[in-house]
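Listing of entry06.txt; format and content: compact mmCIF, C-alpha atoms.
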# COMPACT_ATOMS: atom_id res chain seq x y z
CA MET A 1 76.65 173.40 63.21
CA PRO A 2 80.32 174.53 63.07
CA LEU A 3 80.83 173.34 66.70
CA ARG A 4 79.29 169.96 66.04
CA ARG A 5 81.80 168.96 63.38
CA PRO A 6 84.91 169.33 65.62
CA ILE A 7 83.18 167.33 68.36
CA ILE A 8 82.41 164.53 65.90
CA LYS A 9 86.01 164.53 64.71
CA VAL A 10 87.28 164.31 68.30
CA MET A 11 84.92 161.46 69.10
CA TYR A 12 85.95 159.67 65.92
CA ARG A 13 89.63 160.04 66.80
CA LEU A 14 89.00 158.74 70.33
CA LEU A 15 87.21 155.71 68.94
CA CYS A 16 90.08 155.02 66.56
CA ILE A 17 92.63 155.35 69.35
CA LYS A 18 90.58 153.00 71.57
CA PHE A 19 90.34 150.47 68.76
CA ILE A 20 94.09 150.65 68.11
CA ILE A 21 94.81 150.19 71.83
CA ILE A 22 92.54 147.12 71.97
CA LEU A 23 94.27 145.59 68.94
CA PHE A 24 97.67 146.34 70.40
CA LEU A 25 96.86 144.84 73.79
CA GLY A 26 95.32 141.78 72.17
CA GLY A 27 98.38 141.25 70.02
CA CYS A 28 100.68 141.66 72.98
CA ALA A 29 98.65 139.13 74.98
CA GLY A 30 98.96 136.61 72.16
CA LEU A 31 102.67 137.24 71.84
CA TYR A 32 103.09 136.89 75.60
CA LYS A 33 101.15 133.62 75.58
CA ASP A 34 103.34 132.24 72.75
CA TYR A 35 106.46 133.42 74.57
CA GLU A 36 105.37 131.80 77.84
CA ASP A 37 104.44 128.52 76.10
CA PHE A 38 107.79 128.44 74.33
CA TRP A 39 109.82 128.74 77.51
CA THR A 40 107.58 126.33 79.44
CA ALA A 41 107.94 123.73 76.67
CA LYS A 42 111.68 124.36 76.53
CA ARG A 43 112.04 123.80 80.29
CA HIS A 44 110.24 120.46 80.03
CA MET A 45 112.33 119.44 77.01
CA ASN A 46 115.55 120.27 78.86
CA ARG A 47 114.32 118.34 81.90
CA ALA A 48 113.39 115.37 79.70
CA LEU A 49 116.82 115.38 78.06
CA ALA A 50 118.58 115.50 81.43
CA MET A 51 116.47 112.57 82.69
CA GLU A 52 117.15 110.62 79.52
CA ASN A 53 120.90 111.16 79.86
CA SER A 54 120.79 110.04 83.52
CA GLY A 55 118.95 106.82 82.67
CA GLN A 56 115.51 107.90 83.92
CA ILE A 57 113.89 106.66 80.73
CA HIS A 58 110.29 106.40 81.91
CA GLU A 59 110.36 109.82 83.60
CA ALA A 60 111.90 111.40 80.49
CA MET A 61 109.18 109.79 78.34
CA LEU A 62 106.48 111.38 80.53
CA GLU A 63 108.09 114.81 80.08
CA TYR A 64 108.14 114.43 76.29
CA ILE A 65 104.50 113.28 76.31
CA PHE A 66 103.60 116.33 78.43
CA VAL A 67 105.12 118.65 75.82
CA ALA A 68 103.46 116.77 72.95
CA ARG A 69 100.02 117.01 74.55
CA ASN A 70 100.16 120.55 75.90
CA PHE A 71 102.29 122.47 73.41
CA PRO A 72 101.41 121.22 69.91
CA ALA A 73 102.08 124.68 68.43
CA SER A 74 105.60 124.89 69.82
CA GLY A 75 108.70 124.14 67.82
CA PHE A 76 109.37 121.17 70.11
CA TYR A 77 106.25 119.22 69.12
CA LYS A 78 107.84 117.05 66.45
CA THR A 79 110.85 116.13 68.60
CA ALA A 80 108.65 115.50 71.65
CA ILE A 81 106.42 113.06 69.74
CA PHE A 82 109.39 111.19 68.28
CA LYS A 83 111.09 110.92 71.68
CA ALA A 84 107.86 109.75 73.32
CA ALA A 85 107.53 107.01 70.69
CA MET A 86 111.12 105.87 71.08
CA LEU A 87 111.45 105.97 74.86
CA SER A 88 108.14 104.24 75.55
CA GLY A 89 109.35 101.23 73.56
CA ARG A 90 112.93 101.04 74.83
CA LEU A 91 114.01 97.86 76.59
CA ASP A 92 115.57 99.79 79.48
CA ASN A 93 112.25 101.50 80.21
CA PRO A 94 110.97 99.74 83.37
CA GLU A 95 107.39 100.43 82.24
CA ARG A 96 107.91 99.62 78.57
CA ASP A 97 104.66 99.84 76.59
CA LEU A 98 104.69 99.02 72.87
CA TYR A 99 101.09 100.18 72.45
CA THR A 100 102.06 103.67 73.66
CA SER A 101 105.15 103.60 71.45
CA LEU A 102 103.13 102.65 68.38
CA TYR A 103 100.52 105.33 69.14
CA TRP A 104 103.04 108.16 69.27
CA LEU A 105 104.90 106.84 66.24
CA ASN A 106 101.65 106.93 64.26
CA GLN A 107 101.13 110.52 65.43
CA TYR A 108 104.65 111.29 64.25
CA LEU A 109 103.90 109.81 60.82
CA LYS A 110 101.02 112.28 60.41
CA LEU A 111 103.46 115.21 60.51
CA PRO A 112 105.22 116.67 57.45
CA LEU A 113 108.32 114.49 57.16
CA SER A 114 111.16 114.12 54.73
CA ASP A 115 111.38 110.93 52.70
CA GLN A 116 114.16 109.64 54.93
CA GLU A 117 112.23 110.45 58.11
CA GLN A 118 109.10 108.82 56.67
CA GLU A 119 110.99 105.66 55.68
CA SER A 120 112.76 105.39 59.05
CA ALA A 121 109.50 105.92 60.96
CA GLN A 122 107.68 103.32 58.87
CA PHE A 123 110.48 100.82 59.45
CA MET A 124 110.38 101.43 63.21
CA ALA A 125 106.58 101.11 63.21
CA THR A 126 106.89 97.73 61.49
CA LEU A 127 109.44 96.54 64.05
CA ILE A 128 107.33 97.76 66.96
CA GLU A 129 104.24 96.07 65.53
CA GLN A 130 106.16 92.78 65.25
CA ASN A 131 107.49 93.14 68.79
CA LYS A 132 103.96 93.91 69.99
CA GLN A 133 102.71 90.70 68.39
CA TYR A 134 105.54 88.74 70.02
CA GLN A 135 104.76 90.38 73.36
CA ASP A 136 101.05 89.55 73.01
CA ARG A 137 102.01 85.95 72.22
CA ILE A 138 104.26 85.83 75.28
CA VAL A 139 101.44 87.20 77.46
CA GLN A 140 99.07 84.57 76.06
CA LEU A 141 101.61 81.81 76.67
CA GLN A 142 102.10 83.06 80.22
CA ILE A 143 98.33 82.95 80.74
CA ASP A 144 98.21 79.41 79.32
CA LEU A 145 101.12 78.40 81.54
CA LYS A 146 99.38 79.85 84.59
CA ASN A 147 96.19 77.98 83.71
CA GLN A 148 98.15 74.75 83.23
CA LYS A 149 99.85 75.22 86.59
CA THR A 150 96.43 75.76 88.14
CA VAL A 151 95.16 72.52 86.57
CA ILE A 152 98.27 70.64 87.73
CA SER A 153 97.78 71.99 91.23
CA GLN A 154 94.16 70.86 91.15
CA TYR A 155 95.19 67.38 89.97
CA ASN A 156 97.80 67.19 92.73
CA ARG A 157 95.13 68.05 95.29
CA GLU A 158 92.90 65.33 93.86
CA ILE A 159 95.78 62.83 93.94
CA ASN A 160 96.54 63.71 97.56
CA SER A 161 92.87 63.33 98.39
CA LEU A 162 92.72 59.96 96.68
CA GLU A 163 95.95 58.85 98.35
CA LYS A 164 94.54 59.88 101.71
CA LEU A 165 91.31 58.07 100.91
CA SER A 166 93.29 55.07 99.73
CA LYS A 167 95.33 55.15 102.91
CA ASN A 168 92.16 55.20 104.98
CA ARG A 169 90.72 52.40 102.92
CA ASN A 170 93.90 50.35 103.27
CA GLN A 171 93.71 50.86 106.99
CA GLN A 172 90.09 49.73 106.96
CA ILE A 173 91.08 46.74 104.84
CA ARG A 174 93.79 45.81 107.34
CA GLN A 175 91.33 46.11 110.19
CA LEU A 176 88.84 43.93 108.36
CA GLN A 177 91.57 41.44 107.52
CA LYS A 178 92.42 41.21 111.21
CA LYS A 179 88.78 40.50 111.97
CA ILE A 180 88.70 37.91 109.18
CA ASP A 181 91.84 36.29 110.59
CA PHE A 182 90.27 36.27 114.02
CA TYR A 183 87.07 34.67 112.78
CA GLU A 184 89.01 32.18 110.72
CA GLU A 185 90.85 31.14 113.88
CA GLN A 186 87.50 30.88 115.63
CA ILE A 187 86.21 28.75 112.76
CA LYS A 188 89.24 26.48 113.03
CA GLU A 189 88.67 26.11 116.78
CA HIS A 190 85.01 25.43 116.22
CA ASP A 191 85.83 22.89 113.50
CA LYS A 192 88.21 21.18 115.90
CA LYS A 193 85.58 21.10 118.60
CA ILE A 194 83.00 19.84 116.14
CA ARG A 195 85.33 17.04 115.05
CA GLN A 196 85.97 16.19 118.70
CA LEU A 197 82.25 16.19 119.43
CA GLU A 198 81.59 14.08 116.35
CA ALA A 199 84.24 11.62 117.52
CA GLU A 200 82.56 11.52 120.93
CA ILE A 201 79.23 10.96 119.21
CA TYR A 202 80.67 8.12 117.15
CA LYS A 203 82.20 6.65 120.29
CA THR A 204 78.93 6.97 122.19
CA ARG A 205 77.07 5.48 119.26
CA ASP A 206 79.39 2.48 119.28
CA GLU A 207 78.93 2.03 122.98
CA LEU A 208 75.17 2.28 122.61
CA LYS A 209 75.33 -0.29 119.84
CA ARG A 210 77.32 -2.69 122.04
CA LEU A 211 74.95 -2.11 124.93
CA LYS A 212 72.05 -2.86 122.66
CA GLU A 213 73.65 -6.08 121.52
CA ILE A 214 74.27 -7.08 125.12
CA ASP A 215 70.71 -6.26 126.01
CA VAL A 216 69.45 -8.42 123.14
CA ARG A 217 71.53 -11.37 124.22
CA VAL A 218 70.34 -11.02 127.81
CA HIS A 219 66.75 -10.88 126.67
CA ARG A 220 67.16 -14.01 124.59
CA ARG A 221 68.60 -15.90 127.51
CA ARG A 222 65.63 -14.99 129.59
CA LEU A 223 63.31 -16.29 126.97
CA LYS A 224 65.01 -19.68 127.02
Translate this file's structure into structure tokens.
Amino acid sequence: MPLRRPIIKVMYRLLCIKFIIILFLGGCAGLYKDYEDFWTAKRHMNRALAMENSGQIHEAMLEYIFVARNFPASGFYKTAIFKAAMLSGRLDNPERDLYTSLYWLNQYLKLPLSDQEQESAQFMATLIEQNKQYQDRIVQLQIDLKNQKTVISQYNREINSLEKLSKNRNQQIRQLQKKIDFYEEQIKEHDKKIRQLEAEIYKTRDELKRLKEIDVRVHRRRLK
């Protein structure tokens, strides 16, 4: 019994030491993870700032979005979201997207902000929403313009087809007119011949009439 108590105490101390070591290692792992995330986020933020300063607006925006999505617990989260909202809507961004800008600005408005930050963000959100509506209207007008150009092109094709058909028909009309002219000349010739033949007939009829009269007179003489 006296030996058992020291053994229990030793085992209890070993368990306590093991537990303390586990807690210590777990805490160190968490601290290391936070440390690593901090410096990774910082590298991307520095890269984004350098790109922004060199005019690579779209590339800088992607870096800020990467930090916002992957390191929400870092101290750079608020700045990354704000920069993502601003750069995605800038006119010098070759891939400007007001929908993306408005999305990140709404995410920014969900954060704890001062009254001035809240007011400025709300004002920018209103401007972006108006610009988005104008952009949507422009896109719709461009679609309408494209459709109208398509209709005009179709009408032009129909006009060309009708003009070609009309040209063919005019050619056919000219050919028929030539035939009509030819037959009209034939008719004139035939009319002339008919008149000549009729004149001959009248002449022959007169001669026959005179011959008949002569024959009658001769017959009468014979009867006397």
Hey, which of A:Pro94, A:Gly75, A:Val151, A:Ile138 ends up closest to Trp39 of chain A? Count all atoms listed in the file.
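Comparing A:Pro94, A:Gly75, A:Val151, A:Ile138 against Trp39 of chain A, the winner is A:Gly75.
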If I put a ball of radius 12 Å at (105.7, 119.7, 70.9) in the file's coordinates, which residues poke into it when counting only C-alpha atoms, written as an MDAnalysis selection string?
chainID A and resid 37:42 44:45 63:84 104 107:108 111
note - atom CA of Gln122 of chain A and atom CA of Gln56 of chain A are separated by 26.6 Å
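Closest approach to Lys132 of chain A from the set A:Leu102, A:Leu145, A:Leu113, A:Ala50 is made by A:Leu102, with distances taken over only C-alpha atoms.
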Atom CA of Glu158 of chain A to atom CA of Gln175 of chain A, straight-line distance in Å
25.3 Å
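Between atom CA of Ser101 of chain A and atom CA of Glu129 of chain A the interatomic distance comes to 9.6 Å.
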Taking every listed atom of segment 198-215 of chain A and adding 4 Å to each side, what centre and edge lengths in Å (one decimal) does the axis-aligned box have, as JSON?
{"center_x": 77.5, "center_y": 3.5, "center_z": 121.2, "size_x": 21.5, "size_y": 29.2, "size_z": 17.7}
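Considering all atoms listed in the file, the residue among A:Glu119, A:Asp34, A:Arg174, A:Asp92 positioned nearest to Glu52 of chain A is A:Asp92.
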